[in-house]
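Novice: You'll find data_20.cif just under this line, and it carries mmCIF, C-alpha atoms.
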```cif
data_target
loop_
_atom_site.group_PDB
_atom_site.id
_atom_site.type_symbol
_atom_site.label_atom_id
_atom_site.label_comp_id
_atom_site.auth_asym_id
_atom_site.auth_seq_id
_atom_site.Cartn_x
_atom_site.Cartn_y
_atom_site.Cartn_z
ATOM 1 C CA MET A 1 0.000 0.000 0.000
ATOM 2 C CA CYS A 2 1.422 3.349 -0.975
ATOM 3 C CA ILE A 3 -1.032 6.039 0.078
ATOM 4 C CA LEU A 4 -4.015 6.216 2.412
ATOM 5 C CA PHE A 5 -6.335 9.042 3.414
ATOM 6 C CA PHE A 6 -8.527 8.931 6.523
ATOM 7 C CA ALA A 7 -11.542 10.998 7.537
ATOM 8 C CA ILE A 8 -12.225 10.222 11.206
ATOM 9 C CA LYS A 9 -15.489 11.604 12.646
ATOM 10 C CA GLN A 10 -15.758 14.178 9.866
ATOM 11 C CA HIS A 11 -19.053 13.069 8.277
ATOM 12 C CA PRO A 12 -22.467 12.982 10.030
ATOM 13 C CA LYS A 13 -23.322 9.479 8.785
ATOM 14 C CA TYR A 14 -19.910 7.885 8.215
ATOM 15 C CA PRO A 15 -17.498 8.368 11.141
ATOM 16 C CA VAL A 16 -14.822 6.377 9.305
ATOM 17 C CA ILE A 17 -13.893 6.907 5.653
ATOM 18 C CA ILE A 18 -10.680 5.445 4.243
ATOM 19 C CA CYS A 19 -9.337 5.868 0.708
ATOM 20 C CA ALA A 20 -6.305 3.765 -0.220
ATOM 21 C CA ASN A 21 -4.137 3.060 -3.267
ATOM 22 C CA ARG A 22 -1.709 0.191 -3.612
ATOM 23 C CA ASP A 23 1.209 0.863 -5.977
ATOM 24 C CA GLU A 24 3.348 -2.046 -7.148
ATOM 25 C CA PHE A 25 5.331 -3.455 -10.064
ATOM 26 C CA HIS A 26 2.908 -4.851 -12.630
ATOM 27 C CA GLN A 27 4.839 -8.090 -12.918
ATOM 28 C CA ARG A 28 4.197 -8.943 -9.261
ATOM 29 C CA SER A 29 1.351 -11.442 -9.253
ATOM 30 C CA THR A 30 -1.675 -10.417 -7.187
ATOM 31 C CA GLN A 31 -5.103 -11.791 -6.302
ATOM 32 C CA ALA A 32 -7.912 -9.257 -5.944
ATOM 33 C CA MET A 33 -9.707 -8.664 -2.642
ATOM 34 C CA HIS A 34 -11.595 -11.746 -1.448
ATOM 35 C CA TRP A 35 -12.561 -13.616 1.718
ATOM 36 C CA TRP A 36 -9.638 -15.817 2.696
ATOM 37 C CA PRO A 37 -10.702 -19.378 3.566
ATOM 38 C CA THR A 38 -10.029 -20.325 7.192
ATOM 39 C CA LYS A 39 -10.923 -23.161 9.523
ATOM 40 C CA ASP A 40 -12.591 -20.725 11.913
ATOM 41 C CA ASN A 41 -15.187 -18.718 9.993
ATOM 42 C CA GLN A 42 -15.203 -16.035 12.706
ATOM 43 C CA SER A 43 -11.626 -15.031 11.895
ATOM 44 C CA SER A 44 -12.096 -14.849 8.130
ATOM 45 C CA MET A 45 -10.220 -11.990 6.457
ATOM 46 C CA LEU A 46 -11.218 -9.805 3.530
ATOM 47 C CA ALA A 47 -8.058 -8.811 1.677
ATOM 48 C CA GLY A 48 -6.160 -8.963 -1.560
ATOM 49 C CA LYS A 49 -3.201 -11.329 -1.744
ATOM 50 C CA ASP A 50 0.391 -10.872 -2.821
ATOM 51 C CA LEU A 51 0.967 -14.187 -4.578
ATOM 52 C CA GLN A 52 4.743 -13.743 -4.482
ATOM 53 C CA ALA A 53 5.204 -13.474 -0.702
ATOM 54 C CA GLY A 54 1.772 -14.639 0.503
ATOM 55 C CA GLY A 55 0.843 -11.569 2.542
ATOM 56 C CA THR A 56 -1.360 -8.558 1.895
ATOM 57 C CA TRP A 57 -1.287 -4.763 2.014
ATOM 58 C CA LEU A 58 -4.759 -4.045 3.425
ATOM 59 C CA GLY A 59 -7.508 -6.095 4.986
ATOM 60 C CA LEU A 60 -10.447 -6.368 7.380
ATOM 61 C CA ASN A 61 -11.981 -9.174 9.378
ATOM 62 C CA LYS A 62 -15.605 -9.949 10.193
ATOM 63 C CA GLN A 63 -15.353 -8.224 13.557
ATOM 64 C CA GLY A 64 -14.527 -4.877 11.900
ATOM 65 C CA ARG A 65 -10.814 -5.022 12.582
ATOM 66 C CA PHE A 66 -8.688 -3.227 9.982
ATOM 67 C CA SER A 67 -5.034 -3.181 9.033
ATOM 68 C CA ALA A 68 -2.978 -1.633 6.235
ATOM 69 C CA LEU A 69 0.710 -1.223 5.561
ATOM 70 C CA THR A 70 2.911 1.239 3.715
ATOM 71 C CA ASN A 71 6.612 0.784 3.060
ATOM 72 C CA PHE A 72 8.992 3.439 4.341
ATOM 73 C CA ARG A 73 10.980 4.729 1.341
ATOM 74 C CA GLN A 74 14.581 4.163 2.433
ATOM 75 C CA PRO A 75 16.362 2.640 -0.588
ATOM 76 C CA GLN A 76 19.793 2.984 1.009
ATOM 77 C CA LEU A 77 18.712 0.785 3.948
ATOM 78 C CA PHE A 78 16.742 -1.875 2.038
ATOM 79 C CA ASP A 79 17.769 -5.436 2.924
ATOM 80 C CA GLN A 80 16.355 -8.136 0.657
ATOM 81 C CA ASN A 81 16.987 -10.776 3.306
ATOM 82 C CA LYS A 82 14.483 -9.321 5.768
ATOM 83 C CA GLN A 83 10.991 -10.756 6.219
ATOM 84 C CA SER A 84 8.050 -9.777 4.012
ATOM 85 C CA ARG A 85 6.164 -6.825 5.506
ATOM 86 C CA GLY A 86 2.846 -8.073 4.094
ATOM 87 C CA ASP A 87 2.701 -10.678 6.854
ATOM 88 C CA LEU A 88 2.305 -7.906 9.437
ATOM 89 C CA VAL A 89 -1.175 -7.045 8.141
ATOM 90 C CA LEU A 90 -2.275 -10.661 8.606
ATOM 91 C CA GLN A 91 -0.930 -10.680 12.148
ATOM 92 C CA ALA A 92 -2.648 -7.385 13.004
ATOM 93 C CA LEU A 93 -6.009 -8.755 11.844
ATOM 94 C CA ALA A 94 -5.641 -11.847 13.993
ATOM 95 C CA LYS A 95 -4.241 -10.355 17.216
ATOM 96 C CA LYS A 96 -5.553 -7.900 19.813
ATOM 97 C CA ASP A 97 -4.110 -4.393 19.995
ATOM 98 C CA ASP A 98 -2.060 -4.917 23.152
ATOM 99 C CA VAL A 99 -0.490 -8.094 21.786
ATOM 100 C CA MET A 100 0.219 -6.446 18.435
ATOM 101 C CA THR A 101 1.786 -3.421 20.098
ATOM 102 C CA ILE A 102 4.309 -5.583 21.939
ATOM 103 C CA LEU A 103 4.973 -7.718 18.875
ATOM 104 C CA LEU A 104 5.730 -4.676 16.711
ATOM 105 C CA GLU A 105 8.119 -3.187 19.258
ATOM 106 C CA GLN A 106 9.973 -6.493 19.584
ATOM 107 C CA SER A 107 10.095 -7.543 15.931
ATOM 108 C CA ALA A 108 10.132 -4.354 13.811
ATOM 109 C CA HIS A 109 13.870 -4.786 13.198
ATOM 110 C CA LEU A 110 13.182 -8.004 11.284
ATOM 111 C CA TYR A 111 11.505 -6.007 8.482
ATOM 112 C CA ASN A 112 12.480 -3.156 6.219
ATOM 113 C CA GLY A 113 10.956 0.175 7.286
ATOM 114 C CA PHE A 114 7.155 0.351 7.405
ATOM 115 C CA ASN A 115 4.035 2.021 8.777
ATOM 116 C CA LEU A 116 1.261 -0.246 10.032
ATOM 117 C CA VAL A 117 -2.264 1.011 10.751
ATOM 118 C CA PHE A 118 -4.313 -1.429 12.808
ATOM 119 C CA GLY A 119 -7.253 -1.799 15.189
ATOM 120 C CA GLN A 120 -11.025 -1.567 15.130
ATOM 121 C CA LEU A 121 -12.111 0.935 12.487
ATOM 122 C CA SER A 122 -13.383 3.155 15.295
ATOM 123 C CA ASP A 123 -10.038 3.066 17.132
ATOM 124 C CA LEU A 124 -7.065 2.982 14.762
ATOM 125 C CA THR A 125 -3.376 3.215 15.661
ATOM 126 C CA CYS A 126 -0.398 3.817 13.371
ATOM 127 C CA PHE A 127 2.975 2.252 14.213
ATOM 128 C CA ASP A 128 6.059 3.798 12.592
ATOM 129 C CA SER A 129 8.942 1.290 12.592
ATOM 130 C CA VAL A 130 11.536 4.005 11.926
ATOM 131 C CA SER A 131 10.658 6.161 14.951
ATOM 132 C CA GLN A 132 9.308 3.151 16.908
ATOM 133 C CA LYS A 133 6.269 5.234 17.856
ATOM 134 C CA HIS A 134 2.548 4.448 18.077
ATOM 135 C CA GLN A 135 0.094 7.225 17.209
ATOM 136 C CA LYS A 136 -3.701 7.183 17.509
ATOM 137 C CA LEU A 137 -5.689 8.424 14.508
ATOM 138 C CA THR A 138 -7.650 11.146 16.237
ATOM 139 C CA ALA A 139 -10.736 12.924 14.882
ATOM 140 C CA GLY A 140 -9.810 14.812 11.714
ATOM 141 C CA PHE A 141 -8.139 14.114 8.386
ATOM 142 C CA HIS A 142 -4.961 12.045 8.124
ATOM 143 C CA SER A 143 -2.711 10.866 5.305
ATOM 144 C CA LEU A 144 -0.098 8.135 5.179
ATOM 145 C CA CYS A 145 2.375 7.425 2.412
ATOM 146 C CA ASN A 146 6.000 6.232 2.368
ATOM 147 C CA GLY A 147 7.215 8.466 5.191
ATOM 148 C CA ALA A 148 5.758 9.466 8.549
ATOM 149 C CA LEU A 149 2.026 9.799 9.285
ATOM 150 C CA ASP A 150 0.687 13.222 8.233
ATOM 151 C CA ASP A 151 3.944 14.161 6.509
ATOM 152 C CA VAL A 152 3.832 17.144 4.128
ATOM 153 C CA TRP A 153 4.446 15.533 0.744
ATOM 154 C CA PRO A 154 2.494 17.329 -2.034
ATOM 155 C CA LYS A 155 0.194 14.424 -2.889
ATOM 156 C CA MET A 156 -0.614 13.871 0.777
ATOM 157 C CA ALA A 157 -1.678 17.480 1.284
ATOM 158 C CA GLN A 158 -3.579 17.472 -2.010
ATOM 159 C CA GLY A 159 -5.463 14.284 -1.196
ATOM 160 C CA GLN A 160 -6.436 15.406 2.297
ATOM 161 C CA ALA A 161 -7.856 18.668 0.928
ATOM 162 C CA GLN A 162 -9.760 16.837 -1.811
ATOM 163 C CA LEU A 163 -11.153 14.312 0.667
ATOM 164 C CA ALA A 164 -12.394 17.123 2.921
ATOM 165 C CA ASN A 165 -14.133 18.678 -0.064
ATOM 166 C CA ALA A 166 -15.582 15.381 -1.325
ATOM 167 C CA ILE A 167 -17.414 14.531 1.915
ATOM 168 C CA GLN A 168 -19.084 17.883 2.559
ATOM 169 C CA ASN A 169 -22.533 16.619 1.553
ATOM 170 C CA GLN A 170 -24.567 14.413 3.873
ATOM 171 C CA SER A 171 -25.005 11.831 1.105
ATOM 172 C CA LEU A 172 -21.576 10.348 0.435
ATOM 173 C CA ASN A 173 -20.608 10.095 -3.246
ATOM 174 C CA ILE A 174 -18.293 7.101 -3.669
ATOM 175 C CA ASP A 175 -17.485 8.061 -7.262
ATOM 176 C CA LYS A 176 -16.023 11.348 -5.990
ATOM 177 C CA LEU A 177 -13.741 9.399 -3.680
ATOM 178 C CA PHE A 178 -12.560 7.215 -6.550
ATOM 179 C CA GLU A 179 -12.036 10.365 -8.588
ATOM 180 C CA LEU A 180 -9.631 11.834 -6.054
ATOM 181 C CA MET A 181 -7.773 8.502 -5.834
ATOM 182 C CA THR A 182 -7.249 8.435 -9.621
ATOM 183 C CA ASN A 183 -5.690 11.899 -9.734
ATOM 184 C CA SER A 184 -2.467 11.477 -11.768
ATOM 185 C CA GLU A 185 -1.274 15.085 -11.409
ATOM 186 C CA GLN A 186 2.445 15.100 -10.546
ATOM 187 C CA ALA A 187 4.106 17.576 -8.197
ATOM 188 C CA GLN A 188 6.414 20.322 -9.397
ATOM 189 C CA THR A 189 10.084 19.375 -9.195
ATOM 190 C CA GLU A 190 10.922 21.906 -6.497
ATOM 191 C CA HIS A 191 8.252 20.430 -4.200
ATOM 192 C CA LEU A 192 9.356 16.797 -4.467
ATOM 193 C CA PRO A 193 10.498 15.039 -1.289
ATOM 194 C CA ASN A 194 14.079 13.793 -1.214
ATOM 195 C CA THR A 195 13.841 10.116 -0.309
ATOM 196 C CA GLY A 196 17.018 8.859 -1.968
ATOM 197 C CA ILE A 197 15.573 7.557 -5.239
ATOM 198 C CA PRO A 198 16.422 9.001 -8.706
ATOM 199 C CA LEU A 199 14.628 12.243 -9.610
ATOM 200 C CA ASN A 200 12.650 10.654 -12.473
ATOM 201 C CA TRP A 201 11.222 8.073 -10.044
ATOM 202 C CA GLU A 202 10.539 10.722 -7.420
ATOM 203 C CA GLN A 203 8.555 12.588 -10.098
ATOM 204 C CA LEU A 204 6.627 9.490 -11.188
ATOM 205 C CA LEU A 205 5.701 8.615 -7.608
ATOM 206 C CA SER A 206 4.587 12.157 -6.761
ATOM 207 C CA SER A 207 0.997 11.639 -7.977
ATOM 208 C CA ILE A 208 -1.787 9.975 -6.013
ATOM 209 C CA PHE A 209 -2.500 7.677 -8.985
ATOM 210 C CA ILE A 210 0.570 6.318 -10.786
ATOM 211 C CA VAL A 211 0.594 5.096 -14.379
ATOM 212 C CA SER A 212 3.618 3.596 -16.115
ATOM 213 C CA PRO A 213 4.319 0.349 -18.016
ATOM 214 C CA GLU A 214 6.601 -0.977 -15.270
ATOM 215 C CA TYR A 215 5.120 0.269 -12.002
ATOM 216 C CA GLY A 216 1.829 1.862 -11.044
ATOM 217 C CA THR A 217 -1.351 1.925 -8.994
ATOM 218 C CA ARG A 218 -2.743 -1.606 -8.991
ATOM 219 C CA THR A 219 -5.792 -1.209 -6.724
ATOM 220 C CA THR A 220 -7.977 1.382 -5.022
ATOM 221 C CA ASN A 221 -10.036 0.650 -1.922
ATOM 222 C CA ILE A 222 -12.727 2.890 -0.459
ATOM 223 C CA ILE A 223 -13.873 1.787 3.002
ATOM 224 C CA THR A 224 -16.728 3.327 4.971
ATOM 225 C CA GLN A 225 -18.282 2.575 8.330
ATOM 226 C CA ASP A 226 -21.629 4.148 9.193
ATOM 227 C CA ASN A 227 -23.096 5.106 12.566
ATOM 228 C CA GLU A 228 -24.682 1.657 12.941
ATOM 229 C CA GLY A 229 -21.312 -0.032 12.443
ATOM 230 C CA ASN A 230 -22.010 -1.370 8.956
ATOM 231 C CA ILE A 231 -18.904 -1.507 6.769
ATOM 232 C CA CYS A 232 -18.783 -1.154 2.989
ATOM 233 C CA VAL A 233 -15.676 -1.929 0.942
ATOM 234 C CA TYR A 234 -15.310 -0.800 -2.677
ATOM 235 C CA ASP A 235 -12.472 -2.362 -4.645
ATOM 236 C CA ARG A 236 -11.061 -1.565 -8.095
ATOM 237 C CA SER A 237 -8.094 -3.114 -9.933
ATOM 238 C CA TYR A 238 -6.118 -1.459 -12.758
ATOM 239 C CA ASN A 239 -3.819 -2.523 -15.581
ATOM 240 C CA GLU A 240 -0.575 -0.982 -16.892
ATOM 241 C CA GLN A 241 -2.521 1.754 -18.704
ATOM 242 C CA GLY A 242 -4.370 2.736 -15.539
ATOM 243 C CA LYS A 243 -7.652 1.289 -16.840
ATOM 244 C CA CYS A 244 -10.040 -0.379 -14.418
ATOM 245 C CA THR A 245 -10.105 -4.138 -15.096
ATOM 246 C CA GLN A 246 -12.172 -5.351 -12.139
ATOM 247 C CA GLU A 247 -14.630 -3.730 -9.740
ATOM 248 C CA GLN A 248 -16.519 -5.105 -6.769
ATOM 249 C CA SER A 249 -18.246 -3.988 -3.593
ATOM 250 C CA LEU A 250 -18.499 -5.989 -0.383
ATOM 251 C CA SER A 251 -20.045 -5.418 3.021
ATOM 252 C CA ILE A 252 -19.550 -6.454 6.642
ATOM 253 C CA GLU A 253 -22.377 -6.281 9.165
ATOM 254 C CA LEU A 254 -21.157 -6.322 12.750
#
```
Show me, as structure tokens, the structure contained in the file I just sent.

Specialist:
Amino acid sequence: MCILFFAIKQHPKYPVIICANRDEFHQRSTQAMHWWPTKDNQSSMLAGKDLQAGGTWLGLNKQGRFSALTNFRQPQLFDQNKQSRGDLVLQALAKKDDVMTILLEQSAHLYNGFNLVFGQLSDLTCFDSVSQKHQKLTAGFHSLCNGALDDVWPKMAQGQAQLANAIQNQSLNIDKLFELMTNSEQAQTEHLPNTGIPLNWEQLLSSIFIVSPEYGTRTTNIITQDNEGNICVYDRSYNEQGKCTQEQSLSIEL
């Protein structure tokens, strides 16, 4: 997962609204969001699947527990021998918050840098493996990309502002949320963050929605929870040209 936007207690009907894009190399084999088969139906997970490493980037369970991961962009520190970060999302969906908090503090060094958002949708926490800090997602708008929570990268600020504008009406327009998540406008060179990657890649990755033959936005997820606790998940997949190839909507009733 490469960028997420959160609106927490900012809409009269939907106290939780999450918009998320996963960016990845197109050659990396992926299965679209689905219910993972388990022996215990109560712990079933709704998530896409990275068929290369077996983990996922974002998921929910039937009890309304949520988790999503972004990689910290630190190319100079990347170690290919470390464990796959996608497994952390699976663990966060299966464990309680207190257990997960201890696990992250003890095992973060086994993974390349990451942010992990986890918890009940109504009570989310973000763990930053670089600073080793936990931060609650308080009421308001938040963004998370490949640096710290609520950093000031251009696409993060742009997306937060667009999300605030998109949810002004009492009736939530899901198409407007997808529209902001497919914004391919790139930042001006002088406003690009310096994360240690070549300038042409920094430019490519500066848009909310990324399109290129090699690497790009593979999926968008819009997740809402209403005042009664009902959860809706909207899922779209894209090809190398940025065209939608699959679309589905799913729901969870707590």

Novice: Name the closest residue to Ala164 in chain A among the candidates A:Ile208, A:Ala68, A:Leu180, A:Leu103; distances are taken between atoms, counting only C-alpha atoms.

Specialist: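 Ranked by minimum distance to Ala164 in chain A, first place goes to A:Leu180.
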
Novice: Report as a ChimeraX atom specification all protein, DNA and RNA residues lying within 9 Å of range 140-148 of chain A, evaluated on all atoms listed in the file, omitting residues in the same chain fewer than 2 positions from it.

Specialist: /A:1-10,70-74,114-115,128,130-131,137-138,150-151,153,156-157,159-161,163-164,195

Novice: From the options A:Asn194, A:Leu149, A:Cys19, A:Glu24, which residue's atoms come nearest to Asp175 in chain A, counting all atoms listed in the file?

Specialist: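 Among A:Asn194, A:Leu149, A:Cys19, A:Glu24, it is A:Cys19 that comes nearest to Asp175 in chain A.
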
Novice: Go ahead and compute the interatomic distance for CA of Leu69 in chain A and CA of Gly54 in chain A, in Å to one decimal.

Specialist: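 These atoms are spaced 14.4 Å apart.
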
Novice: Can you give me, as a ChimeraX atom specification, the residues this file yields under the PyMOL selection byres ((chain A and resi 82) around 9)?

Specialist: /A:78-81,83-85,109-112

Novice: May I ask which of the residues A:Asn165, A:Thr245, A:Thr219, A:Asn200 is the closest one to Met181 in chain A, counting only C-alpha atoms?

Specialist: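 Among the listed residues, the smallest separation from Met181 in chain A belongs to A:Thr219.
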
Novice: Provide the CA of Gln106 in chain A to CA of Ala20 in chain A distance in Å, to one decimal place.

Specialist: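 CA of Ala20 in chain A lies at a distance of 27.6 Å from CA of Gln106 in chain A.
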
Novice: If I take CA of Ser67 in chain A and CA of Asn169 in chain A, how far is one from the other in Å, to one decimal?

Specialist: 27.5 Å

Novice: Using all atoms listed in the file for the distances, tell me which of A:Phe209, A:Ser237, A:Asn227, A:Asn61 is nearest to Thr38 in chain A.

Specialist: A:Asn61

Novice: Where's the centre, and what are the edge lengths in Å to one decimal, of a box along x, y and z enclosing all listed atoms of range 1-9 of chain A padded 3 Å per side, as AutoDock Vina command-line options?

Specialist:
```
--center_x -7.0 --center_y 5.8 --center_z 5.8 --size_x 22.9 --size_y 17.6 --size_z 19.6
```

Novice: Enumerate, as a list of chain:residue names, the residues matched when the PyMOL selection byres ((chain A and resi 86-98) around 8) is run on the file above.

Specialist: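 Applying the PyMOL selection byres ((chain A and resi 86-98) around 8) to the structure shown produces A:Ser43, A:Met45, A:Asp50, A:Ala53, A:Gly54, A:Gly55, A:Thr56, A:Trp57, A:Leu58, A:Gly59, A:Leu60, A:Asn61, A:Arg65, A:Phe66, A:Ser67, A:Ala68, A:Leu69, A:Ser84, A:Arg85, A:Val99, A:Met100, A:Thr101, A:Ile102, A:Leu116, A:Phe118, A:Gly119.
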
Novice: May I have the residues within 8 Å of Leu46 in chain A as a compact mmCIF listing (two decimals) with C-alpha atoms, in the frame of the given file, using all atoms listed in the file and disregarding those fewer than 2 positions away in the same chain?

Specialist:
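And here's selection-v8.txt as it stands now:
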```txt
# COMPACT_ATOMS: atom_id res chain seq x y z
CA MET A 33 -9.71 -8.66 -2.64
CA HIS A 34 -11.60 -11.75 -1.45
CA TRP A 35 -12.56 -13.62 1.72
CA TRP A 36 -9.64 -15.82 2.70
CA SER A 44 -12.10 -14.85 8.13
CA GLY A 48 -6.16 -8.96 -1.56
CA GLY A 59 -7.51 -6.10 4.99
CA LEU A 60 -10.45 -6.37 7.38
CA ASN A 61 -11.98 -9.17 9.38
CA LYS A 62 -15.60 -9.95 10.19
```

Novice: Between A:Glu185, A:Glu202, A:Val211, A:Ser251, which is the closest to Tyr238 in chain A once you count all atoms listed in the file?

Specialist: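 Looking only at the distances to Tyr238 in chain A, the closest residue turns out to be A:Val211.
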
Novice: Quick one: residues within 9 Å of Asn239 in chain A, only C-alpha atoms, excluding same-chain residues fewer than 6 positions away - as a ChimeraX atom specification?

Specialist: /A:26,211,213,216-218,245

Novice: Considering only C-alpha atoms, state which residue in the set A:Thr220, A:Cys126, A:Ile231, A:Lys136 is at the smallest distance from Lys243 in chain A.

Specialist: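 Among the listed residues, A:Thr220 lies closest to Lys243 in chain A.
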
Novice: To test your reading of the syntax: which residues would the PyMOL selection byres ((chain A and resi 167) around 10) return for the file shown? Reply as a PyMOL selection string.

Specialist: chain A and resi 7+10-12+14+17+162-166+168-174+176-177

Novice: Since the input is missing atoms for range 126-142 of chain A, could you rebuild it with N, CA and C atoms and give the result as a PDB file, keeping the file's coordinate frame?

Specialist:
```pdb
ATOM      1  N   CYS A 126      -1.447   3.940  14.377  1.00  0.00           N
ATOM      2  CA  CYS A 126      -0.398   3.817  13.371  1.00  0.00           C
ATOM      3  C   CYS A 126       0.935   3.593  14.077  1.00  0.00           C
ATOM      4  N   PHE A 127       1.634   2.522  13.694  1.00  0.00           N
ATOM      5  CA  PHE A 127       2.975   2.252  14.213  1.00  0.00           C
ATOM      6  C   PHE A 127       3.986   2.570  13.130  1.00  0.00           C
ATOM      7  N   ASP A 128       4.976   3.380  13.479  1.00  0.00           N
ATOM      8  CA  ASP A 128       6.059   3.798  12.592  1.00  0.00           C
ATOM      9  C   ASP A 128       7.309   3.045  13.023  1.00  0.00           C
ATOM     10  N   SER A 129       7.804   2.123  12.182  1.00  0.00           N
ATOM     11  CA  SER A 129       8.942   1.290  12.592  1.00  0.00           C
ATOM     12  C   SER A 129      10.249   2.063  12.627  1.00  0.00           C
ATOM     13  N   VAL A 130      10.306   3.200  11.950  1.00  0.00           N
ATOM     14  CA  VAL A 130      11.536   4.005  11.926  1.00  0.00           C
ATOM     15  C   VAL A 130      11.695   4.768  13.240  1.00  0.00           C
ATOM     16  N   SER A 131      10.611   5.424  13.682  1.00  0.00           N
ATOM     17  CA  SER A 131      10.658   6.161  14.951  1.00  0.00           C
ATOM     18  C   SER A 131      10.299   5.283  16.143  1.00  0.00           C
ATOM     19  N   GLN A 132       9.757   4.071  15.867  1.00  0.00           N
ATOM     20  CA  GLN A 132       9.308   3.151  16.908  1.00  0.00           C
ATOM     21  C   GLN A 132       8.202   3.769  17.766  1.00  0.00           C
ATOM     22  N   LYS A 133       7.334   4.558  17.129  1.00  0.00           N
ATOM     23  CA  LYS A 133       6.269   5.234  17.856  1.00  0.00           C
ATOM     24  C   LYS A 133       4.891   4.751  17.405  1.00  0.00           C
ATOM     25  N   HIS A 134       3.953   4.727  18.354  1.00  0.00           N
ATOM     26  CA  HIS A 134       2.548   4.448  18.077  1.00  0.00           C
ATOM     27  C   HIS A 134       1.784   5.765  18.155  1.00  0.00           C
ATOM     28  N   GLN A 135       0.876   5.982  17.211  1.00  0.00           N
ATOM     29  CA  GLN A 135       0.094   7.225  17.209  1.00  0.00           C
ATOM     30  C   GLN A 135      -1.362   6.917  16.895  1.00  0.00           C
ATOM     31  N   LYS A 136      -2.271   7.365  17.744  1.00  0.00           N
ATOM     32  CA  LYS A 136      -3.701   7.183  17.509  1.00  0.00           C
ATOM     33  C   LYS A 136      -4.159   8.090  16.367  1.00  0.00           C
ATOM     34  N   LEU A 137      -5.076   7.594  15.543  1.00  0.00           N
ATOM     35  CA  LEU A 137      -5.689   8.424  14.508  1.00  0.00           C
ATOM     36  C   LEU A 137      -6.877   9.141  15.144  1.00  0.00           C
ATOM     37  N   THR A 138      -6.637  10.356  15.557  1.00  0.00           N
ATOM     38  CA  THR A 138      -7.650  11.146  16.237  1.00  0.00           C
ATOM     39  C   THR A 138      -8.649  11.715  15.231  1.00  0.00           C
ATOM     40  N   ALA A 139      -9.734  12.311  15.750  1.00  0.00           N
ATOM     41  CA  ALA A 139     -10.736  12.924  14.882  1.00  0.00           C
ATOM     42  C   ALA A 139     -10.076  13.964  13.984  1.00  0.00           C
ATOM     43  N   GLY A 140     -10.399  13.896  12.680  1.00  0.00           N
ATOM     44  CA  GLY A 140      -9.810  14.812  11.714  1.00  0.00           C
ATOM     45  C   GLY A 140      -9.440  14.072  10.445  1.00  0.00           C
ATOM     46  N   PHE A 141      -8.618  14.708   9.638  1.00  0.00           N
ATOM     47  CA  PHE A 141      -8.139  14.114   8.386  1.00  0.00           C
ATOM     48  C   PHE A 141      -6.676  13.721   8.552  1.00  0.00           C
ATOM     49  N   HIS A 142      -6.334  12.547   8.046  1.00  0.00           N
ATOM     50  CA  HIS A 142      -4.961  12.045   8.124  1.00  0.00           C
ATOM     51  C   HIS A 142      -4.552  11.475   6.766  1.00  0.00           C
TER      52      HIS A 142
END
```
